[in-house]
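Enquirer: One file is attached below, work_37.pdb, containing PDB, C-alpha atoms.
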ATOM      1  CA  GLN A  87     -15.342 -45.654  34.924
ATOM      2  CA  VAL A  88     -15.728 -42.202  36.393
ATOM      3  CA  ASP A  89     -13.991 -43.140  39.598
ATOM      4  CA  GLY A  90     -10.900 -44.342  37.767
ATOM      5  CA  ARG A  91     -11.562 -48.049  37.900
ATOM      6  CA  THR A  92     -11.247 -49.998  34.666
ATOM      7  CA  GLU A  93     -13.602 -52.636  33.340
ATOM      8  CA  GLU A  94     -12.863 -55.636  31.220
ATOM      9  CA  HIS A  95     -14.999 -54.484  28.259
ATOM     10  CA  ARG A  96     -15.787 -51.079  26.741
ATOM     11  CA  MET A  97     -19.295 -49.742  27.170
ATOM     12  CA  PHE A  98     -19.144 -48.337  23.597
ATOM     13  CA  ASP A  99     -16.818 -49.521  20.874
ATOM     14  CA  PRO A 100     -14.805 -47.074  18.677
ATOM     15  CA  ASP A 101     -17.219 -47.441  15.745
ATOM     16  CA  TYR A 102     -19.996 -46.021  17.901
ATOM     17  CA  TRP A 103     -18.032 -42.891  18.722
ATOM     18  CA  LYS A 104     -16.973 -42.513  15.104
ATOM     19  CA  ALA A 105     -20.605 -42.640  13.971
ATOM     20  CA  ARG A 106     -21.564 -40.112  16.671
ATOM     21  CA  TRP A 107     -18.779 -37.765  15.521
ATOM     22  CA  ASP A 108     -19.749 -38.057  11.848
ATOM     23  CA  SER A 109     -23.353 -37.290  12.718
ATOM     24  CA  PHE A 110     -22.384 -34.268  14.792
ATOM     25  CA  ARG A 111     -20.065 -32.955  12.094
ATOM     26  CA  ARG A 112     -22.728 -33.190   9.387
ATOM     27  CA  LYS A 113     -25.269 -31.310  11.509
ATOM     28  CA  HIS A 114     -23.190 -28.627  13.190
ATOM     29  CA  LEU A 115     -19.915 -28.152  11.300
ATOM     30  CA  SER A 116     -19.478 -26.671   7.847
ATOM     31  CA  PRO A 117     -17.500 -28.765   5.426
ATOM     32  CA  ILE A 118     -13.799 -27.982   5.318
ATOM     33  CA  PRO A 119     -12.935 -26.497   1.911
ATOM     34  CA  THR A 120     -10.337 -28.392   0.001
ATOM     35  CA  PRO A 121      -7.406 -26.135  -0.849
ATOM     36  CA  GLU A 122      -6.805 -25.594  -4.538
ATOM     37  CA  LEU A 123      -3.366 -26.597  -5.590
ATOM     38  CA  THR A 124      -1.828 -24.121  -8.019
ATOM     39  CA  ARG A 125       1.310 -24.614  -9.970
ATOM     40  CA  SER A 126       4.229 -22.464  -9.004
ATOM     41  CA  PRO A 127       6.186 -20.650 -11.713
ATOM     42  CA  ALA A 128       8.990 -23.170 -11.221
ATOM     43  CA  ASP A 129       6.620 -25.976 -12.282
ATOM     44  CA  GLU A 130       5.483 -24.196 -15.443
ATOM     45  CA  PRO A 131       7.219 -24.724 -18.776
ATOM     46  CA  LEU A 132      10.272 -22.471 -18.995
ATOM     47  CA  GLN A 133       9.335 -20.945 -22.347
ATOM     48  CA  GLY A 134       5.820 -20.004 -21.245
ATOM     49  CA  TRP A 135       7.069 -18.461 -18.012
ATOM     50  CA  LEU A 136       9.673 -16.363 -19.824
ATOM     51  CA  LEU A 137       7.062 -15.056 -22.251
ATOM     52  CA  ARG A 138       4.782 -14.187 -19.345
ATOM     53  CA  GLN A 139       7.628 -12.388 -17.602
ATOM     54  CA  VAL A 140       8.410 -10.398 -20.752
ATOM     55  CA  GLN A 141       4.751  -9.373 -21.014
ATOM     56  CA  ILE A 142       4.577  -8.250 -17.378
ATOM     57  CA  LEU A 143       7.844  -6.291 -17.564
ATOM     58  CA  PHE A 144       6.898  -4.605 -20.844
ATOM     59  CA  GLU A 145       3.430  -3.584 -19.624
ATOM     60  CA  ARG A 146       4.830  -2.204 -16.383
ATOM     61  CA  SER A 147       7.585  -0.302 -18.170
ATOM     62  CA  LEU A 148       5.113   1.168 -20.662
ATOM     63  CA  ARG A 149       2.727   2.292 -17.904
ATOM     64  CA  CYS A 150       5.573   3.943 -15.994
ATOM     65  CA  LYS A 151       6.729   5.750 -19.131
ATOM     66  CA  LEU A 152       3.243   6.988 -20.012
ATOM     67  CA  ARG A 153       2.793   8.313 -16.460
ATOM     68  CA  ASP A 154       5.812  10.582 -16.925
ATOM     69  CA  HIS A 155       3.825  13.405 -18.499
ATOM     70  CA  LEU A 156       6.563  15.975 -17.932
ATOM     71  CA  GLY A 157       9.242  13.885 -19.627
ATOM     72  CA  LEU A 158       6.992  13.067 -22.568
ATOM     73  CA  GLY A 159       5.988  16.710 -22.946
ATOM     74  CA  ILE A 160       9.596  17.897 -22.932
ATOM     75  CA  SER A 161      10.504  15.258 -25.516
ATOM     76  CA  LEU A 162       7.697  16.354 -27.840
ATOM     77  CA  ILE A 163       8.481  20.052 -27.451
ATOM     78  CA  THR A 164      12.176  19.399 -28.092
ATOM     79  CA  ALA A 165      11.404  17.441 -31.251
ATOM     80  CA  ILE A 166       9.116  20.173 -32.572
ATOM     81  CA  PHE A 167      11.665  22.886 -31.760
ATOM     82  CA  LEU A 168      14.547  21.036 -33.420
ATOM     83  CA  GLY A 169      12.400  20.293 -36.466
ATOM     84  CA  LEU A 170      11.595  23.981 -36.851
ATOM     85  CA  VAL A 171      15.195  25.085 -36.341
ATOM     86  CA  VAL A 172      16.757  22.550 -38.719
ATOM     87  CA  GLY A 173      14.028  23.021 -41.310
ATOM     88  CA  LYS A 174      14.305  26.827 -41.252
ATOM     89  CA  ILE A 175      18.093  26.823 -41.424
ATOM     90  CA  LEU A 176      18.293  24.392 -44.327
ATOM     91  CA  SER A 177      15.365  25.755 -46.344
ATOM     92  CA  SER A 178      17.370  28.603 -47.855
ATOM     93  CA  ASN A 179      16.036  27.905 -51.328
ATOM     94  CA  PRO A 180      12.522  26.591 -52.044
ATOM     95  CA  VAL A 181      13.838  24.718 -55.103
ATOM     96  CA  LEU A 182      15.399  21.451 -53.935
ATOM     97  CA  LYS A 183      17.940  21.265 -56.764
ATOM     98  CA  SER A 184      19.223  24.725 -55.903
ATOM     99  CA  ASN A 185      19.304  24.119 -52.157
ATOM    100  CA  ASN A 186      22.940  23.348 -51.385
ATOM    101  CA  LEU A 187      22.223  23.000 -47.678
ATOM    102  CA  PHE A 188      19.896  20.036 -48.069
ATOM    103  CA  VAL A 189      22.859  17.644 -48.157
ATOM    104  CA  SER A 190      23.425  18.498 -44.471
ATOM    105  CA  PHE A 191      19.934  17.378 -43.469
ATOM    106  CA  PRO A 192      20.697  13.618 -43.125
ATOM    107  CA  PHE A 193      23.719  14.332 -40.914
ATOM    108  CA  LEU A 194      21.954  16.869 -38.691
ATOM    109  CA  SER A 195      18.865  14.673 -38.465
ATOM    110  CA  SER A 196      21.007  11.713 -37.391
ATOM    111  CA  ILE A 197      22.429  13.788 -34.545
ATOM    112  CA  VAL A 198      18.926  14.899 -33.540
ATOM    113  CA  ALA A 199      17.592  11.308 -33.584
ATOM    114  CA  LEU A 200      20.587  10.113 -31.549
ATOM    115  CA  PHE A 201      19.990  12.919 -29.060
ATOM    116  CA  ILE A 202      16.291  12.092 -28.708
ATOM    117  CA  GLY A 203      17.060   8.420 -28.114
ATOM    118  CA  MET A 204      19.799   9.048 -25.557
ATOM    119  CA  SER A 205      17.904  11.737 -23.675
ATOM    120  CA  SER A 206      14.977   9.365 -23.127
ATOM    121  CA  SER A 207      17.109   6.541 -21.725
ATOM    122  CA  ILE A 208      20.245   7.923 -20.123
ATOM    123  CA  THR A 209      18.795   7.971 -16.582
ATOM    124  CA  GLU A 210      16.378   5.023 -16.795
ATOM    125  CA  VAL A 211      18.570   2.415 -15.093
ATOM    126  CA  LEU A 212      19.831   4.942 -12.536
ATOM    127  CA  ARG A 213      16.323   5.827 -11.379
ATOM    128  CA  GLU A 214      15.243   2.202 -11.074
ATOM    129  CA  ARG A 215      18.276   0.753  -9.315
ATOM    130  CA  PRO A 216      16.377   0.317  -5.999
ATOM    131  CA  ILE A 217      13.692  -1.622  -7.901
ATOM    132  CA  LEU A 218      16.355  -3.739  -9.578
ATOM    133  CA  ARG A 219      17.842  -4.681  -6.206
ATOM    134  CA  ARG A 220      14.465  -5.941  -5.020
ATOM    135  CA  GLU A 221      13.790  -7.790  -8.248
ATOM    136  CA  LYS A 222      17.108  -9.612  -7.990
ATOM    137  CA  LEU A 223      15.773 -11.193  -4.812
ATOM    138  CA  LEU A 224      12.732 -12.373  -6.785
ATOM    139  CA  LYS A 225      14.988 -13.865  -9.449
ATOM    140  CA  VAL A 226      13.673 -11.581 -12.177
ATOM    141  CA  ASN A 227      15.663 -12.000 -15.375
ATOM    142  CA  LEU A 228      17.561  -8.708 -15.725
ATOM    143  CA  THR A 229      18.177  -9.306 -19.426
ATOM    144  CA  LEU A 230      14.429  -9.456 -19.995
ATOM    145  CA  TRP A 231      13.988  -6.341 -17.852
ATOM    146  CA  LEU A 232      16.521  -4.451 -19.972
ATOM    147  CA  ALA A 233      14.958  -5.729 -23.208
ATOM    148  CA  SER A 234      11.480  -4.595 -22.115
ATOM    149  CA  LYS A 235      12.878  -1.188 -21.148
ATOM    150  CA  PHE A 236      14.597  -0.874 -24.536
ATOM    151  CA  ALA A 237      11.425  -1.831 -26.421
ATOM    152  CA  THR A 238       9.345   0.655 -24.431
ATOM    153  CA  LEU A 239      11.725   3.554 -25.038
ATOM    154  CA  VAL A 240      12.067   2.813 -28.754
ATOM    155  CA  LEU A 241       8.288   2.661 -29.057
ATOM    156  CA  THR A 242       7.674   5.946 -27.228
ATOM    157  CA  ASP A 243      10.441   7.700 -29.202
ATOM    158  CA  PHE A 244       8.522   7.125 -32.423
ATOM    159  CA  ILE A 245       6.231  10.122 -31.837
ATOM    160  CA  PRO A 246       9.035  12.713 -31.340
ATOM    161  CA  ILE A 247      10.879  11.323 -34.351
ATOM    162  CA  PHE A 248       7.669  11.483 -36.375
ATOM    163  CA  LEU A 249       7.049  15.130 -35.422
ATOM    164  CA  TYR A 250      10.618  16.145 -36.194
ATOM    165  CA  THR A 251      10.610  14.392 -39.577
ATOM    166  CA  VAL A 252       7.234  15.747 -40.686
ATOM    167  CA  ILE A 253       8.091  19.325 -39.702
ATOM    168  CA  GLY A 254      11.547  19.191 -41.300
ATOM    169  CA  MET A 255      10.272  17.658 -44.539
ATOM    170  CA  TYR A 256       7.420  20.159 -44.694
ATOM    171  CA  LEU A 257       9.751  23.147 -44.353
ATOM    172  CA  LEU A 258      12.165  21.678 -46.877
ATOM    173  CA  GLN A 259       9.238  20.913 -49.194
ATOM    174  CA  VAL A 260      10.194  17.256 -49.611
ATOM    175  CA  PRO A 261       7.032  15.466 -48.417
ATOM    176  CA  GLU A 262       7.684  12.379 -50.550
ATOM    177  CA  SER A 263      10.717  11.495 -48.395
ATOM    178  CA  VAL A 264       8.884  11.543 -45.066
ATOM    179  CA  TRP A 265       8.476   7.788 -44.606
ATOM    180  CA  THR A 266      12.003   6.966 -45.777
ATOM    181  CA  TYR A 267      13.584   9.437 -43.374
ATOM    182  CA  LEU A 268      11.162   8.462 -40.604
ATOM    183  CA  PHE A 269      12.258   4.832 -40.696
ATOM    184  CA  TYR A 270      15.905   5.813 -41.001
ATOM    185  CA  LEU A 271      15.807   8.237 -38.074
ATOM    186  CA  TRP A 272      13.758   5.887 -35.898
ATOM    187  CA  LEU A 273      16.454   3.235 -36.238
ATOM    188  CA  ILE A 274      19.088   5.792 -35.260
ATOM    189  CA  SER A 275      17.041   6.792 -32.208
ATOM    190  CA  ALA A 276      17.010   3.091 -31.223
ATOM    191  CA  VAL A 277      20.816   3.192 -31.303
ATOM    192  CA  GLY A 278      20.646   6.274 -29.079
ATOM    193  CA  VAL A 279      18.392   4.410 -26.639
ATOM    194  CA  ALA A 280      20.891   1.553 -26.474
ATOM    195  CA  LEU A 281      23.782   3.970 -25.836
ATOM    196  CA  GLY A 282      21.798   5.763 -23.131
ATOM    197  CA  LEU A 283      20.974   2.513 -21.353
ATOM    198  CA  ALA A 284      24.615   1.449 -21.576
ATOM    199  CA  ILE A 285      25.778   4.699 -19.964
ATOM    200  CA  SER A 286      23.065   4.468 -17.323
ATOM    201  CA  SER A 287      24.166   0.910 -16.469
ATOM    202  CA  VAL A 288      27.730   1.899 -15.612
ATOM    203  CA  PRO A 289      28.346   0.962 -11.945
ATOM    204  CA  ASN A 290      28.513   3.806  -9.410
ATOM    205  CA  ILE A 291      27.753   6.488 -12.010
ATOM    206  CA  LYS A 292      25.815   9.491 -10.734
ATOM    207  CA  GLU A 293      22.782  10.947 -12.486
ATOM    208  CA  ALA A 294      24.545  14.288 -12.994
ATOM    209  CA  ALA A 295      27.536  12.590 -14.629
ATOM    210  CA  ALA A 296      25.264  10.576 -16.919
ATOM    211  CA  THR A 297      23.351  13.689 -17.929
ATOM    212  CA  ASN A 298      26.592  15.555 -18.652
ATOM    213  CA  ALA A 299      27.603  12.761 -21.014
ATOM    214  CA  LEU A 300      24.557  13.495 -23.189
ATOM    215  CA  PRO A 301      26.003  16.450 -25.197
TER     216      PRO A 301
END
Would you write the structure of this file as structure tokens?
Expert:
Amino acid sequence: QVDGRTEEHRMFDPDYWKARWDSFRRKHLSPIPTPELTRSPADEPLQGWLLRQVQILFERSLRCKLRDHLGLGISLITAIFLGLVVGKILSSNPVLKSNNLFVSFPFLSSIVALFIGMSSSITEVLRERPILRREKLLKVNLTLWLASKFATLVLTDFIPIFLYTVIGMYLLQVPESVWTYLFYLWLISAVGVALGLAISSVPNIKEAAATNALP
């Protein structure tokens, strides 16, 4: 009762109020959307998640590298310059059999390829150490991060190595050896990338000290 007194029986049973509430909800309230349950990465198969992580890290690393227009430009100009210098110095005789300096080309080209690879990677880990600290909190696999960085740098170093090889072979008048030397020098540049990343990963090393280790 309104005045606080109780009666022996209810005026309306609970089913009545439930029916009233259902009727009111259908007329005046929008249906409550059911949340979609998504699987967390921890619930996904381990192999699929690792492949997805590799893809994300590689794409991000490649985009960051392609945005560095200044670094890419310097790398291309350096490769062209070294190709011209080495080719001019060693092309003393247009006849290959009489050119005694040609035997020095594989050695000098190996040094150039190693330099190109190291110069592209020797500060990569240093510049991204703040990002690495944040990604450790997200449990990002650092081995996969390093592998994606290595693959990106080796891929982008192909163009400078290609320019150097084509220019050097053209000046030495040995065009038939372009693809052989290109593959050979590209592999050496990959070794240079690995050395640069190793130096850049040394704890507490400064960027100036890493750069001075390049020569």
Enquirer: Just how far from CA of Leu273 (chain A) is CA of Ile247 (chain A), in Å to one decimal?
Expert: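 The value is 10.0 Å.
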Enquirer: Do a neighbour search on region 253-267 of chain A at 9 Å with all atoms listed in the file, toss out local chain neighbours closer than 2 positions, and write the hits as a list in words.
Expert: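 Selected residues are Ile166, Leu168, Gly169, Leu170, Val171, Val172, Gly173, Lys174, Leu176, Ser177, Ser178, Asn179, Pro180, Val181, Leu182, Phe188, Phe191, Pro192, Ser195, Phe248, Leu249, Tyr250, Thr251, Phe269, Tyr270, Leu271 and Trp272 of chain A.
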Enquirer: How about saving the chosen residues, C-alpha atoms kept, as a PDB file, in the frame of the given file?
Expert:
ATOM      1  CA  ILE A 166       9.116  20.173 -32.572  1.00  0.00           C
ATOM      2  CA  LEU A 168      14.547  21.036 -33.420  1.00  0.00           C
ATOM      3  CA  GLY A 169      12.400  20.293 -36.466  1.00  0.00           C
ATOM      4  CA  LEU A 170      11.595  23.981 -36.851  1.00  0.00           C
ATOM      5  CA  VAL A 171      15.195  25.085 -36.341  1.00  0.00           C
ATOM      6  CA  VAL A 172      16.757  22.550 -38.719  1.00  0.00           C
ATOM      7  CA  GLY A 173      14.028  23.021 -41.310  1.00  0.00           C
ATOM      8  CA  LYS A 174      14.305  26.827 -41.252  1.00  0.00           C
ATOM      9  CA  LEU A 176      18.293  24.392 -44.327  1.00  0.00           C
ATOM     10  CA  SER A 177      15.365  25.755 -46.344  1.00  0.00           C
ATOM     11  CA  SER A 178      17.370  28.603 -47.855  1.00  0.00           C
ATOM     12  CA  ASN A 179      16.036  27.905 -51.328  1.00  0.00           C
ATOM     13  CA  PRO A 180      12.522  26.591 -52.044  1.00  0.00           C
ATOM     14  CA  VAL A 181      13.838  24.718 -55.103  1.00  0.00           C
ATOM     15  CA  LEU A 182      15.399  21.451 -53.935  1.00  0.00           C
ATOM     16  CA  PHE A 188      19.896  20.036 -48.069  1.00  0.00           C
ATOM     17  CA  PHE A 191      19.934  17.378 -43.469  1.00  0.00           C
ATOM     18  CA  PRO A 192      20.697  13.618 -43.125  1.00  0.00           C
ATOM     19  CA  SER A 195      18.865  14.673 -38.465  1.00  0.00           C
ATOM     20  CA  PHE A 248       7.669  11.483 -36.375  1.00  0.00           C
ATOM     21  CA  LEU A 249       7.049  15.130 -35.422  1.00  0.00           C
ATOM     22  CA  TYR A 250      10.618  16.145 -36.194  1.00  0.00           C
ATOM     23  CA  THR A 251      10.610  14.392 -39.577  1.00  0.00           C
ATOM     24  CA  PHE A 269      12.258   4.832 -40.696  1.00  0.00           C
ATOM     25  CA  TYR A 270      15.905   5.813 -41.001  1.00  0.00           C
ATOM     26  CA  LEU A 271      15.807   8.237 -38.074  1.00  0.00           C
ATOM     27  CA  TRP A 272      13.758   5.887 -35.898  1.00  0.00           C
TER      28      TRP A 272
END
Enquirer: Where does the PyMOL selection byres ((chain A and resi 162) around 9) land in this file, that is, which residues does it pick, as a list in words?
Expert: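 When the PyMOL selection byres ((chain A and resi 162) around 9) is applied to the shown file, the picked residues are Gly157, Leu158, Gly159, Ile160, Ser161, Ile163, Thr164, Ala165, Ile166, Phe167, Ile245, Pro246, Ile247, Leu249 and Tyr250 of chain A.
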Enquirer: For the atom pair CA of His114 (chain A) and CA of Met97 (chain A), what is the interatomic distance in Å to one decimal place?
Expert: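 Calculated distance between CA of His114 (chain A) and CA of Met97 (chain A) is 25.6 Å.
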Enquirer: The PyMOL selection byres ((chain A and resi 280) around 12) - which residues does that actually catch in the file I just gave you? List them as a PyMOL selection string.
Expert: chain A and resi 200-211+232-233+235-240+273-279+281-287
Enquirer: For the atom pair CA of Val140 (chain A) and CA of His155 (chain A), what is the interatomic distance in Å to one decimal place?
Expert: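 Separation of CA of Val140 (chain A) and CA of His155 (chain A): 24.3 Å.
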Enquirer: Mind giving me the axis-aligned box for region 244-247 of chain A with 4 Å on every side, centre plus edges in Å to one decimal, as lines of an AutoDock Vina configuration file?
Expert:
center_x = 8.6
center_y = 9.9
center_z = -32.8
size_x = 12.6
size_y = 13.6
size_z = 11.0
Enquirer: Considering only C-alpha atoms, state which residue in the set A:Ile175, A:Val252, A:Val288, A:Ile217 is at the smallest distance from Ser190 (chain A).
Expert: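 Of all the options, A:Ile175 lies closest to Ser190 (chain A).
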Enquirer: Go through A:Cys150, A:Leu212, A:Leu156, A:Leu137 and flag the residue nearest Thr297 (chain A), using all atoms listed in the file for the distances.
Expert: A:Leu212
Enquirer: So, counting all atoms listed in the file, which residue among A:Ala294, A:Leu300, A:Leu152, A:Val226 is closest to Arg213 (chain A)?
Expert: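 Once distances to Arg213 (chain A) are computed over all atoms listed in the file, the minimum belongs to A:Ala294.
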Enquirer: For a quick check of understanding, using all atoms listed in the file, which of A:Leu187, A:Val198, A:Leu136, A:Ala105 has the smallest distance to Thr229 (chain A)?
Expert: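 Smallest separation from Thr229 (chain A) among the options: A:Leu136.
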